[in-house]
Every structure is written in C-alpha cells, then in structure tokens.
>>> print(open('start-v7.txt').read())   # compact mmCIF, C-alpha atoms
# COMPACT_ATOMS: atom_id res chain seq x y z
CA MET A 1 0.00 0.00 0.00
CA SER A 2 1.43 3.38 -1.03
CA PRO A 3 2.07 6.13 1.57
CA THR A 4 -0.81 8.53 2.19
CA ILE A 5 1.70 11.38 1.87
CA ARG A 6 5.01 11.21 0.03
CA THR A 7 7.53 13.96 -0.75
CA GLN A 8 10.68 13.61 -2.85
CA GLY A 9 13.25 16.41 -2.71
CA LEU A 10 10.50 18.91 -1.87
CA SER A 11 11.63 22.51 -1.44
CA LYS A 12 10.01 25.90 -0.92
CA ARG A 13 11.85 29.20 -1.11
CA PHE A 14 10.71 32.68 -0.20
CA ARG A 15 13.20 34.85 -2.08
CA ARG A 16 16.52 33.93 -0.45
CA THR A 17 14.99 31.98 2.44
CA GLU A 18 14.85 28.20 2.05
CA ALA A 19 11.83 27.33 4.20
CA VAL A 20 11.73 23.68 3.11
CA ASN A 21 14.91 22.08 1.80
CA ASP A 22 15.15 18.77 -0.07
CA LEU A 23 12.42 17.09 1.99
CA PHE A 24 11.95 13.33 1.69
CA LEU A 25 8.95 12.29 3.79
CA GLU A 26 6.55 9.35 3.86
CA VAL A 27 3.43 9.15 6.01
CA PRO A 28 2.18 5.53 6.22
CA PRO A 29 -1.55 4.80 5.81
CA GLY A 30 -3.40 4.67 9.12
CA SER A 31 -0.56 6.31 11.04
CA ILE A 32 -0.70 9.31 13.36
CA TYR A 33 2.35 11.19 12.15
CA ALA A 34 3.66 14.08 14.25
CA LEU A 35 5.79 16.68 12.47
CA VAL A 36 7.78 18.49 15.16
CA GLY A 37 10.58 21.04 15.23
CA PRO A 38 11.47 24.52 16.50
CA ASN A 39 9.72 27.70 15.40
CA GLY A 40 10.63 28.51 11.81
CA ALA A 41 11.61 24.92 11.03
CA GLY A 42 9.25 24.78 8.04
CA LYS A 43 6.39 22.71 9.45
CA THR A 44 3.53 25.01 8.45
CA THR A 45 5.11 25.73 5.06
CA THR A 46 5.39 21.99 4.41
CA ILE A 47 1.72 21.48 5.26
CA LYS A 48 0.64 24.39 3.06
CA VAL A 49 2.57 22.94 0.12
CA LEU A 50 1.00 19.54 0.72
CA MET A 51 -2.48 21.13 0.82
CA ASN A 52 -1.84 23.05 -2.44
CA ILE A 53 -2.08 26.37 -0.60
CA LEU A 54 1.51 27.15 -1.62
CA GLN A 55 3.30 26.00 -4.74
CA PRO A 56 6.63 24.18 -4.26
CA SER A 57 9.86 25.66 -5.59
CA GLY A 58 11.23 22.23 -6.42
CA GLY A 59 10.80 18.53 -5.89
CA HIS A 60 7.59 16.55 -5.82
CA SER A 61 4.85 15.67 -3.35
CA GLU A 62 1.82 13.39 -3.47
CA VAL A 63 -1.24 13.27 -1.25
CA LEU A 64 -3.65 10.36 -1.63
CA ASP A 65 -1.67 9.32 -4.74
CA VAL A 66 -2.27 12.71 -6.41
CA ASP A 67 0.34 15.38 -7.18
CA SER A 68 -0.23 18.00 -4.47
CA ARG A 69 -0.21 20.74 -7.13
CA LYS A 70 -3.27 19.09 -8.69
CA LEU A 71 -5.34 18.60 -5.55
CA GLY A 72 -8.90 19.69 -6.21
CA PRO A 73 -12.47 19.17 -4.95
CA PRO A 74 -12.48 15.35 -5.33
CA GLN A 75 -9.38 15.07 -3.11
CA PHE A 76 -10.36 17.80 -0.64
CA ALA A 77 -13.65 15.97 -0.11
CA GLN A 78 -11.48 13.22 1.45
CA ILE A 79 -9.18 15.50 3.47
CA GLY A 80 -9.91 17.23 6.76
CA TYR A 81 -7.75 20.32 7.39
CA VAL A 82 -7.65 22.22 10.67
CA SER A 83 -5.21 25.09 11.29
CA GLU A 84 -4.57 27.26 14.34
CA ASN A 85 -5.31 30.38 12.25
CA GLN A 86 -8.17 28.90 10.26
CA ASP A 87 -10.70 31.39 8.92
CA LEU A 88 -14.33 30.55 9.65
CA PRO A 89 -17.45 32.39 8.41
CA GLU A 90 -17.96 34.49 11.53
CA TRP A 91 -21.59 35.37 10.81
CA MET A 92 -22.77 31.74 10.66
CA THR A 93 -24.07 29.84 13.65
CA VAL A 94 -22.50 26.50 14.49
CA GLY A 95 -25.54 24.61 13.25
CA TYR A 96 -25.81 26.61 10.02
CA PHE A 97 -22.08 26.14 9.38
CA MET A 98 -22.44 22.35 9.60
CA ARG A 99 -25.46 22.37 7.28
CA PHE A 100 -23.64 24.70 4.87
CA LEU A 101 -20.73 22.26 4.53
CA ARG A 102 -22.83 19.13 3.97
CA PRO A 103 -23.37 19.47 0.17
CA PHE A 104 -19.62 19.76 -0.47
CA TYR A 105 -18.85 16.31 0.94
CA PRO A 106 -20.46 13.22 -0.63
CA THR A 107 -19.57 11.13 2.43
CA TRP A 108 -21.08 13.58 4.95
CA ASP A 109 -22.75 11.66 7.77
CA ASP A 110 -25.64 13.57 9.40
CA ALA A 111 -25.83 11.20 12.34
CA LEU A 112 -22.08 11.52 12.98
CA ALA A 113 -22.31 15.32 12.70
CA GLU A 114 -24.99 15.34 15.40
CA GLU A 115 -22.91 13.06 17.60
CA LEU A 116 -19.89 15.35 17.23
CA LEU A 117 -21.90 18.44 18.16
CA ARG A 118 -23.06 16.67 21.31
CA GLN A 119 -19.65 15.21 22.12
CA PHE A 120 -17.91 18.58 21.87
CA ASP A 121 -20.82 20.34 23.60
CA LEU A 122 -21.10 22.86 20.77
CA PRO A 123 -23.94 25.46 20.95
CA ARG A 124 -25.56 25.10 17.54
CA ASP A 125 -27.42 28.46 17.78
CA ARG A 126 -24.35 30.54 18.67
CA LYS A 127 -22.50 32.48 15.97
CA LEU A 128 -18.91 31.51 15.29
CA HIS A 129 -17.53 34.93 16.20
CA GLN A 130 -19.02 34.50 19.68
CA LEU A 131 -17.11 31.30 20.38
CA SER A 132 -13.95 31.00 22.46
CA ARG A 133 -10.79 29.80 20.75
CA GLY A 134 -11.30 26.33 22.17
CA MET A 135 -14.89 26.15 20.91
CA ARG A 136 -13.80 27.36 17.47
CA MET A 137 -11.21 24.59 17.25
CA LYS A 138 -13.84 22.05 18.32
CA THR A 139 -16.16 23.33 15.59
CA ALA A 140 -13.42 23.11 12.96
CA LEU A 141 -12.52 19.57 14.01
CA ALA A 142 -16.16 18.44 14.17
CA SER A 143 -16.78 19.78 10.66
CA SER A 144 -13.69 17.90 9.41
CA LEU A 145 -14.63 14.60 11.02
CA ALA A 146 -18.29 14.58 9.92
CA TYR A 147 -17.51 13.30 6.42
CA ARG A 148 -15.13 10.55 7.55
CA PRO A 149 -12.05 11.78 5.65
CA LYS A 150 -9.22 9.47 4.59
CA LEU A 151 -6.67 12.04 5.78
CA ILE A 152 -6.79 14.65 8.54
CA VAL A 153 -4.17 17.41 8.60
CA LEU A 154 -3.83 19.42 11.81
CA ASP A 155 -1.49 22.44 11.90
CA GLU A 156 -0.72 23.48 15.51
CA PRO A 157 -4.26 22.65 16.71
CA PHE A 158 -3.44 22.89 20.44
CA THR A 159 -1.81 26.34 20.52
CA GLY A 160 -3.35 28.56 23.20
CA LEU A 161 -5.80 25.91 24.45
CA ASP A 162 -6.16 24.83 28.06
CA ALA A 163 -5.50 21.23 29.08
CA LEU A 164 -9.18 20.26 29.27
CA VAL A 165 -9.92 21.44 25.72
CA ARG A 166 -6.78 19.71 24.40
CA ASP A 167 -7.88 16.45 26.00
CA GLU A 168 -11.38 16.80 24.51
CA LEU A 169 -9.95 17.42 21.04
CA ILE A 170 -7.59 14.45 21.24
CA GLU A 171 -10.30 12.16 22.62
CA GLY A 172 -12.70 13.19 19.86
CA LEU A 173 -10.04 12.81 17.18
CA LEU A 174 -8.99 9.32 18.25
CA ALA A 175 -12.56 8.11 18.77
CA ARG A 176 -13.81 9.24 15.36
CA ALA A 177 -10.77 8.72 13.15
CA GLU A 178 -9.90 5.10 13.80
CA ASN A 179 -9.11 4.21 10.17
CA THR A 180 -7.88 7.66 9.14
CA THR A 181 -4.32 8.82 8.51
CA ILE A 182 -3.46 11.86 10.63
CA LEU A 183 -0.66 14.37 10.03
CA ILE A 184 -0.24 16.77 12.94
CA SER A 185 2.16 19.64 13.49
CA SER A 186 2.42 20.70 17.11
CA HIS A 187 4.67 22.15 19.81
CA ASP A 188 2.70 20.32 22.51
CA LEU A 189 5.12 17.43 22.75
CA ALA A 190 3.61 15.88 25.89
CA GLU A 191 0.25 15.56 24.14
CA ILE A 192 1.84 14.31 20.92
CA GLU A 193 3.71 11.59 22.77
CA SER A 194 0.46 10.28 24.23
CA PHE A 195 -1.04 9.27 20.88
CA ALA A 196 1.36 9.66 17.90
CA SER A 197 2.61 6.50 16.17
CA HIS A 198 5.33 8.18 14.06
CA VAL A 199 7.39 11.33 14.40
CA GLY A 200 9.47 13.45 12.03
CA TYR A 201 11.87 16.13 13.26
CA LEU A 202 12.20 19.15 10.98
CA ASP A 203 14.97 21.70 11.52
CA GLN A 204 15.85 24.61 9.21
CA GLY A 205 13.68 23.11 6.51
CA ARG A 206 15.42 19.72 6.57
CA LEU A 207 14.02 16.46 7.92
CA GLN A 208 16.54 15.20 10.46
CA PHE A 209 14.80 11.89 11.07
CA SER A 210 11.47 10.14 10.51
CA GLU A 211 10.57 6.98 12.38
CA GLU A 212 8.11 5.23 14.65
CA LEU A 213 7.82 6.95 18.01
CA GLU A 214 8.54 3.73 19.87
CA THR A 215 11.80 3.30 17.96
CA LEU A 216 12.80 6.91 18.59
CA THR A 217 12.23 6.82 22.34
CA GLY A 218 13.96 3.44 22.45
CA ARG A 219 17.23 4.74 20.98
CA PHE A 220 17.53 7.96 23.04
CA ARG A 221 18.94 7.70 26.56
CA GLU A 222 20.42 10.15 29.03
CA ILE A 223 23.59 8.53 30.35
CA VAL A 224 25.06 9.58 33.70
CA LEU A 225 28.51 8.31 34.65
CA THR A 226 29.84 8.61 38.20
CA PHE A 227 33.54 8.44 39.14
CA ASP A 228 35.50 8.57 42.40
CA GLY A 229 37.10 11.88 41.41
CA PRO A 230 37.06 14.61 38.74
CA GLN A 231 36.90 13.20 35.23
CA ALA A 232 37.94 14.68 31.88
CA ILE A 233 36.25 13.85 28.58
CA PRO A 234 38.54 11.65 26.46
CA LYS A 235 39.08 11.89 22.72
CA GLY A 236 37.16 9.57 20.39
CA VAL A 237 33.70 10.11 21.84
CA PRO A 238 31.12 8.61 19.39
CA ALA A 239 29.31 11.04 17.10
CA THR A 240 26.02 9.62 18.38
CA TRP A 241 26.69 11.08 21.85
CA MET A 242 25.33 14.61 22.24
CA GLN A 243 25.99 17.26 24.87
CA VAL A 244 28.86 15.43 26.53
CA GLU A 245 29.87 17.36 29.62
CA ALA A 246 31.91 16.69 32.74
CA VAL A 247 31.23 18.35 36.08
CA GLY A 248 33.51 17.12 38.84
CA PRO A 249 33.07 13.36 39.28
CA VAL A 250 30.03 13.18 36.93
CA VAL A 251 29.90 12.90 33.13
CA ARG A 252 26.58 13.31 31.33
CA PHE A 253 25.57 12.87 27.72
CA VAL A 254 22.63 11.93 25.50
CA ASP A 255 23.08 8.75 23.48
CA THR A 256 21.06 8.89 20.25
CA ALA A 257 21.81 5.27 19.32
CA PHE A 258 21.44 3.47 22.63
CA HIS A 259 21.91 -0.29 22.67
CA PRO A 260 21.71 -2.29 25.91
CA GLU A 261 24.94 -4.15 25.13
CA ARG A 262 26.99 -1.87 22.86
CA THR A 263 26.49 1.35 24.84
CA PRO A 264 27.85 -0.05 28.18
CA ALA A 265 30.78 -1.58 26.29
CA LEU A 266 31.60 1.78 24.67
CA VAL A 267 31.36 3.51 28.03
CA ARG A 268 33.69 1.01 29.73
CA GLY A 269 36.16 1.28 26.87
CA LEU A 270 36.36 5.09 27.04
CA PHE A 271 35.94 5.37 30.81
CA PRO A 272 37.60 2.32 32.42
CA ASP A 273 37.49 3.93 35.88
CA VAL A 274 33.72 4.59 35.88
CA ARG A 275 32.10 3.55 39.15
CA ASP A 276 28.43 3.75 38.18
CA VAL A 277 26.47 3.97 34.92
CA ALA A 278 22.86 5.19 34.94
CA GLU A 279 20.67 4.93 31.82
CA ASN A 280 17.56 7.09 31.86
CA GLY A 281 14.75 7.03 29.31
CA MET A 282 13.78 10.36 27.78
CA PRO A 283 10.33 11.78 27.04
CA LEU A 284 9.77 13.33 23.64
CA ARG A 285 10.12 16.84 25.02
CA SER A 286 13.59 16.10 26.41
CA ILE A 287 14.63 14.54 23.10
CA PHE A 288 13.35 17.62 21.25
CA VAL A 289 15.25 20.00 23.58
CA SER A 290 18.48 18.00 23.22
CA LEU A 291 18.23 18.04 19.44
CA ALA A 292 17.47 21.76 19.39
CA LYS A 293 20.45 22.52 21.65
CA SER A 294 22.79 20.41 19.55
CA SER A 295 21.55 22.06 16.37
CA GLY A 296 22.08 25.50 17.90
CA ALA A 297 25.58 24.59 19.06
CA ALA A 298 26.48 23.27 15.60
CA ALA A 299 25.25 26.47 13.98
>>> encode(input="start-v7.txt", output="structure tokens")
Amino acid sequence: MSPTIRTQGLSKRFRRTEAVNDLFLEVPPGSIYALVGPNGAGKTTTIKVLMNILQPSGGHSEVLDVDSRKLGPPQFAQIGYVSENQDLPEWMTVGYFMRFLRPFYPTWDDALAEELLRQFDLPRDRKLHQLSRGMRMKTALASSLAYRPKLIVLDEPFTGLDALVRDELIEGLLARAENTTILISSHDLAEIESFASHVGYLDQGRLQFSEELETLTGRFREIVLTFDGPQAIPKGVPATWMQVEAVGPVVRFVDTAFHPERTPALVRGLFPDVRDVAENGMPLRSIFVSLAKSSGAAA
C-alpha cells in the first residue's frame, strides 16, 4: 500500500529563504504522524505545500496518490484540514455552518455530525464569532470529522488551548478517526507523545529523522557516569553522543543510538574507571530539547 503522503526532494523558497529544503517524507496509511521542530523549522510551510495552498519551488509531493499541485475538490472531499489560524465564516451559527458544509462532501454523515456536536458540547445556535478559541477549534474539528475523511491534517491545533480542551480534542479525534491517517504539526510534545505512532523532526527546513515513536524513544537515553574523582572527557567520543559534559566526578551525555549491550561496552572502553552507569529514558520533550540545543551549538 502506497504512503498517504510522500515527498521527494521537496523545497520551498521565499526569495533567499529556504523554508523547506530537499524534503523526503513518507506518512504511512493509518498512522498518526507528528511533524515536530522549533519555530521557523518549516512545518507550516510543508503542510501548506501539501495542501496546495503554496506552490513548491522544487521537488515533488503526493497526497492520496495525487500530485499535491493538482489537488482539487475530489481530493479535498477526502481531506480534513484544521489550522490554528483557520478562517471561519464568523456570521454563521455553528448549526448553520455544519449544514452549509454538507453538500460539499459526498460522504457527509448527518448522524455523525450530530454526535460530534453533542460530544464537543457545541452550541448550535451561537454564531462563530461569539465562540472561544477552544470552541472554534472544536467546531473546525467536528466539521472535518463529519464526512469521515481518509486524511486529517492538523497544523498546531493545540496552541493557546487549556489542558481540558486539548484532552477533549484528542479524545474526539482518536474516537472518530480510527481508520484515518493523521498528520499533525504541534509544539505540545507531551500531548503528541500520548497518541502519535510516528514522528518526524524538521529543523531549518530539513528532515533530520522520521521513524516510529517507539523506535525513537527506544534509541535515546540520558547517560550519567559517576567516578571517584574529577573526570575529563577523552578523545574519540562517538558522534552519536550529544551534549557530553563533565562536572567534577560526573559525566553526562545523550546517546542517540542506545543499545543495551553496545552502549555499556563503549562507556567502559572510554571510561575504564567509571564507578556507576545510569541509563535514563527520555520523554519526547527532552529529546526535542536535546536536538534543538545540539543544532544551535552546531550552527
């Protein structure tokens, strides 16, 4: 089965700024793929190119087996798109908005639309401009789920929302999109880690890695070495060790290619006098911070 989203050497330039640079990305069918990275990494630009909002400067991308530059009504009828800055018709009520959208989507499910309005506790008689940011995001998501899309694209959907609203959005998304591929861009790494199946890290327009979340968290470890006295950092430290630092009798680093047998052997070879070795798992946020710091140091 072909990827739901595929890019090959995709690039997007704004004059002299390379916002997306030689991007090779595949989003597997049925996955929940999180695209993460620092501000300005190119996440939103990538999504806008994929959604045919922006034209690429080079390379190629496909969405649902169609060139993204040729996406039209037949494809958009199968794609749900929710953005943090999404424009909604402010003068419409919630109920009128849902009825307005129905003719555009052949797979619109009236019963599901009603269930979503109840689940998200949306006031169908209230105008969209009267809604809080959280209620507006619920309305946008409900309207995107009501036609059972094959692909849902979410661009920073949790920005500025309180924890309760975020939980309601995630719960509604997972409950109603069981067989749907989801691409989500977000800075809320704790939330992402709770439900994403795959993650891609974008930095300065380049994809640094793309893999299953379980694999990623399995290969990152914070290593803490304890000695009987002050310890210097020897030469020949592996390139897969980041942020190696020594403070008195303690050496710390992040191993990006942890292996339960090879890593201890490498440590003992470089630090024969080590007294204690601690291996700590890292949440996605800590991995993200470590990568961002290393990227900043390299620059």
>>> residues_around(input="start-v7.txt", residues="Ser194 in chain A", least_positions_apart="4", cutoff="10 Å", atoms="only C-alpha atoms", output="list in words")
Ile170, Leu189, Ala190 and Leu284 of chain A
>>> closest_residue(input="start-v7.txt", among="A:Met282, A:Ala34, A:Val267, A:Leu291", to="Ser185 in chain A", atoms="all atoms listed in the file")
A:Ala34
>>> closest_residue(input="start-v7.txt", among="A:Leu101, A:Ile47, A:Ala77, A:Val36", to="Pro89 in chain A", atoms="only C-alpha atoms")
A:Leu101
>>> atom_distance(input="start-v7.txt", atom1="CA of Arg15 in chain A", atom2="CA of Gln55 in chain A")
13.5 Å
>>> closest_residue(input="start-v7.txt", among="A:Gln8, A:Asn21, A:Gln130, A:Thr107", to="Gln204 in chain A", atoms="all atoms listed in the file")
A:Asn21
>>> closest_residue(input="start-v7.txt", among="A:Glu90, A:Met98, A:Glu84, A:Tyr147", to="Thr159 in chain A", atoms="only C-alpha atoms")
A:Glu84
>>> closest_residue(input="start-v7.txt", among="A:Ile79, A:Ala142, A:Val247, A:Ala278", to="Gln231 in chain A", atoms="all atoms listed in the file")
A:Val247
>>> closest_residue(input="start-v7.txt", among="A:Gly218, A:Gly58, A:Pro3, A:Gly248", to="Pro29 in chain A", atoms="all atoms listed in the file")
A:Pro3
>>> build_atoms(input="start-v7.txt", residues="range 14-50 of chain A", atoms="N, CA and C atoms", output="mmCIF file, keeping the file's coordinate frame")
data_model
loop_
_atom_site.group_PDB
_atom_site.id
_atom_site.type_symbol
_atom_site.label_atom_id
_atom_site.label_comp_id
_atom_site.auth_asym_id
_atom_site.auth_seq_id
_atom_site.Cartn_x
_atom_site.Cartn_y
_atom_site.Cartn_z
ATOM 1 N N PHE A 14 11.296 31.344 -0.200
ATOM 2 C CA PHE A 14 10.710 32.680 -0.200
ATOM 3 C C PHE A 14 11.854 33.660 -0.430
ATOM 4 N N ARG A 15 12.042 34.053 -1.680
ATOM 5 C CA ARG A 15 13.200 34.850 -2.080
ATOM 6 C C ARG A 15 14.472 34.092 -1.710
ATOM 7 N N ARG A 16 15.260 34.602 -0.789
ATOM 8 C CA ARG A 16 16.520 33.930 -0.450
ATOM 9 C C ARG A 16 16.384 32.957 0.720
ATOM 10 N N THR A 17 15.194 32.864 1.291
ATOM 11 C CA THR A 17 14.990 31.980 2.440
ATOM 12 C C THR A 17 14.499 30.623 1.994
ATOM 13 N N GLU A 18 15.230 29.580 2.376
ATOM 14 C CA GLU A 18 14.850 28.200 2.050
ATOM 15 C C GLU A 18 14.031 27.669 3.219
ATOM 16 N N ALA A 19 12.707 27.748 3.110
ATOM 17 C CA ALA A 19 11.830 27.330 4.200
ATOM 18 C C ALA A 19 11.734 25.817 4.304
ATOM 19 N N VAL A 20 11.730 25.146 3.165
ATOM 20 C CA VAL A 20 11.730 23.680 3.110
ATOM 21 C C VAL A 20 12.832 23.285 2.138
ATOM 22 N N ASN A 21 13.698 22.364 2.570
ATOM 23 C CA ASN A 21 14.910 22.080 1.800
ATOM 24 C C ASN A 21 15.086 20.585 1.575
ATOM 25 N N ASP A 22 14.862 20.144 0.336
ATOM 26 C CA ASP A 22 15.150 18.770 -0.070
ATOM 27 C C ASP A 22 14.483 17.756 0.865
ATOM 28 N N LEU A 23 13.175 17.892 1.024
ATOM 29 C CA LEU A 23 12.420 17.090 1.990
ATOM 30 C C LEU A 23 11.981 15.762 1.390
ATOM 31 N N PHE A 24 12.405 14.676 2.030
ATOM 32 C CA PHE A 24 11.950 13.330 1.690
ATOM 33 C C PHE A 24 11.145 12.813 2.882
ATOM 34 N N LEU A 25 9.849 12.634 2.681
ATOM 35 C CA LEU A 25 8.950 12.290 3.790
ATOM 36 C C LEU A 25 7.925 11.288 3.306
ATOM 37 N N GLU A 26 7.630 10.286 4.143
ATOM 38 C CA GLU A 26 6.550 9.350 3.860
ATOM 39 C C GLU A 26 5.696 9.190 5.115
ATOM 40 N N VAL A 27 4.385 9.337 4.932
ATOM 41 C CA VAL A 27 3.430 9.150 6.010
ATOM 42 C C VAL A 27 2.637 7.879 5.719
ATOM 43 N N PRO A 28 2.833 6.813 6.514
ATOM 44 C CA PRO A 28 2.180 5.530 6.220
ATOM 45 C C PRO A 28 0.657 5.607 6.400
ATOM 46 N N PRO A 29 -0.089 4.834 5.647
ATOM 47 C CA PRO A 29 -1.550 4.800 5.810
ATOM 48 C C PRO A 29 -1.934 4.364 7.221
ATOM 49 N N GLY A 30 -2.916 5.026 7.799
ATOM 50 C CA GLY A 30 -3.400 4.670 9.120
ATOM 51 C C GLY A 30 -2.546 5.150 10.273
ATOM 52 N N SER A 31 -1.458 5.843 9.973
ATOM 53 C CA SER A 31 -0.560 6.310 11.040
ATOM 54 C C SER A 31 -1.050 7.652 11.608
ATOM 55 N N ILE A 32 -0.547 7.964 12.790
ATOM 56 C CA ILE A 32 -0.700 9.310 13.360
ATOM 57 C C ILE A 32 0.704 9.897 13.380
ATOM 58 N N TYR A 33 0.986 10.702 12.391
ATOM 59 C CA TYR A 33 2.350 11.190 12.150
ATOM 60 C C TYR A 33 2.487 12.601 12.693
ATOM 61 N N ALA A 34 3.405 12.772 13.645
ATOM 62 C CA ALA A 34 3.660 14.080 14.250
ATOM 63 C C ALA A 34 4.874 14.724 13.607
ATOM 64 N N LEU A 35 4.684 15.902 13.053
ATOM 65 C CA LEU A 35 5.790 16.680 12.470
ATOM 66 C C LEU A 35 6.171 17.744 13.497
ATOM 67 N N VAL A 36 7.352 17.601 14.092
ATOM 68 C CA VAL A 36 7.780 18.490 15.160
ATOM 69 C C VAL A 36 9.051 19.219 14.749
ATOM 70 N N GLY A 37 9.381 20.254 15.500
ATOM 71 C CA GLY A 37 10.580 21.040 15.230
ATOM 72 C C GLY A 37 10.426 22.427 15.813
ATOM 73 N N PRO A 38 11.525 23.178 15.920
ATOM 74 C CA PRO A 38 11.470 24.520 16.500
ATOM 75 C C PRO A 38 10.690 25.486 15.615
ATOM 76 N N ASN A 39 10.373 26.652 16.184
ATOM 77 C CA ASN A 39 9.720 27.700 15.400
ATOM 78 C C ASN A 39 10.572 28.036 14.170
ATOM 79 N N GLY A 40 9.898 28.183 13.032
ATOM 80 C CA GLY A 40 10.630 28.510 11.810
ATOM 81 C C GLY A 40 11.279 27.325 11.138
ATOM 82 N N ALA A 41 10.973 26.109 11.605
ATOM 83 C CA ALA A 41 11.610 24.920 11.030
ATOM 84 C C ALA A 41 11.052 24.571 9.658
ATOM 85 N N GLY A 42 9.854 25.063 9.334
ATOM 86 C CA GLY A 42 9.250 24.780 8.040
ATOM 87 C C GLY A 42 8.036 23.876 8.098
ATOM 88 N N LYS A 43 7.509 23.638 9.302
ATOM 89 C CA LYS A 43 6.390 22.710 9.450
ATOM 90 C C LYS A 43 5.132 23.218 8.745
ATOM 91 N N THR A 44 4.741 24.456 9.058
ATOM 92 C CA THR A 44 3.530 25.010 8.450
ATOM 93 C C THR A 44 3.693 25.176 6.943
ATOM 94 N N THR A 45 4.866 25.597 6.500
ATOM 95 C CA THR A 45 5.110 25.730 5.060
ATOM 96 C C THR A 45 4.969 24.378 4.370
ATOM 97 N N THR A 46 5.519 23.338 4.980
ATOM 98 C CA THR A 46 5.390 21.990 4.410
ATOM 99 C C THR A 46 3.925 21.605 4.260
ATOM 100 N N ILE A 47 3.142 21.842 5.305
ATOM 101 C CA ILE A 47 1.720 21.480 5.260
ATOM 102 C C ILE A 47 0.994 22.287 4.188
ATOM 103 N N LYS A 48 1.312 23.565 4.066
ATOM 104 C CA LYS A 48 0.640 24.390 3.060
ATOM 105 C C LYS A 48 0.989 23.954 1.643
ATOM 106 N N VAL A 49 2.211 23.482 1.431
ATOM 107 C CA VAL A 49 2.570 22.940 0.120
ATOM 108 C C VAL A 49 1.800 21.650 -0.140
ATOM 109 N N LEU A 50 1.724 20.794 0.874
ATOM 110 C CA LEU A 50 1.000 19.540 0.720
ATOM 111 C C LEU A 50 -0.479 19.765 0.424
#
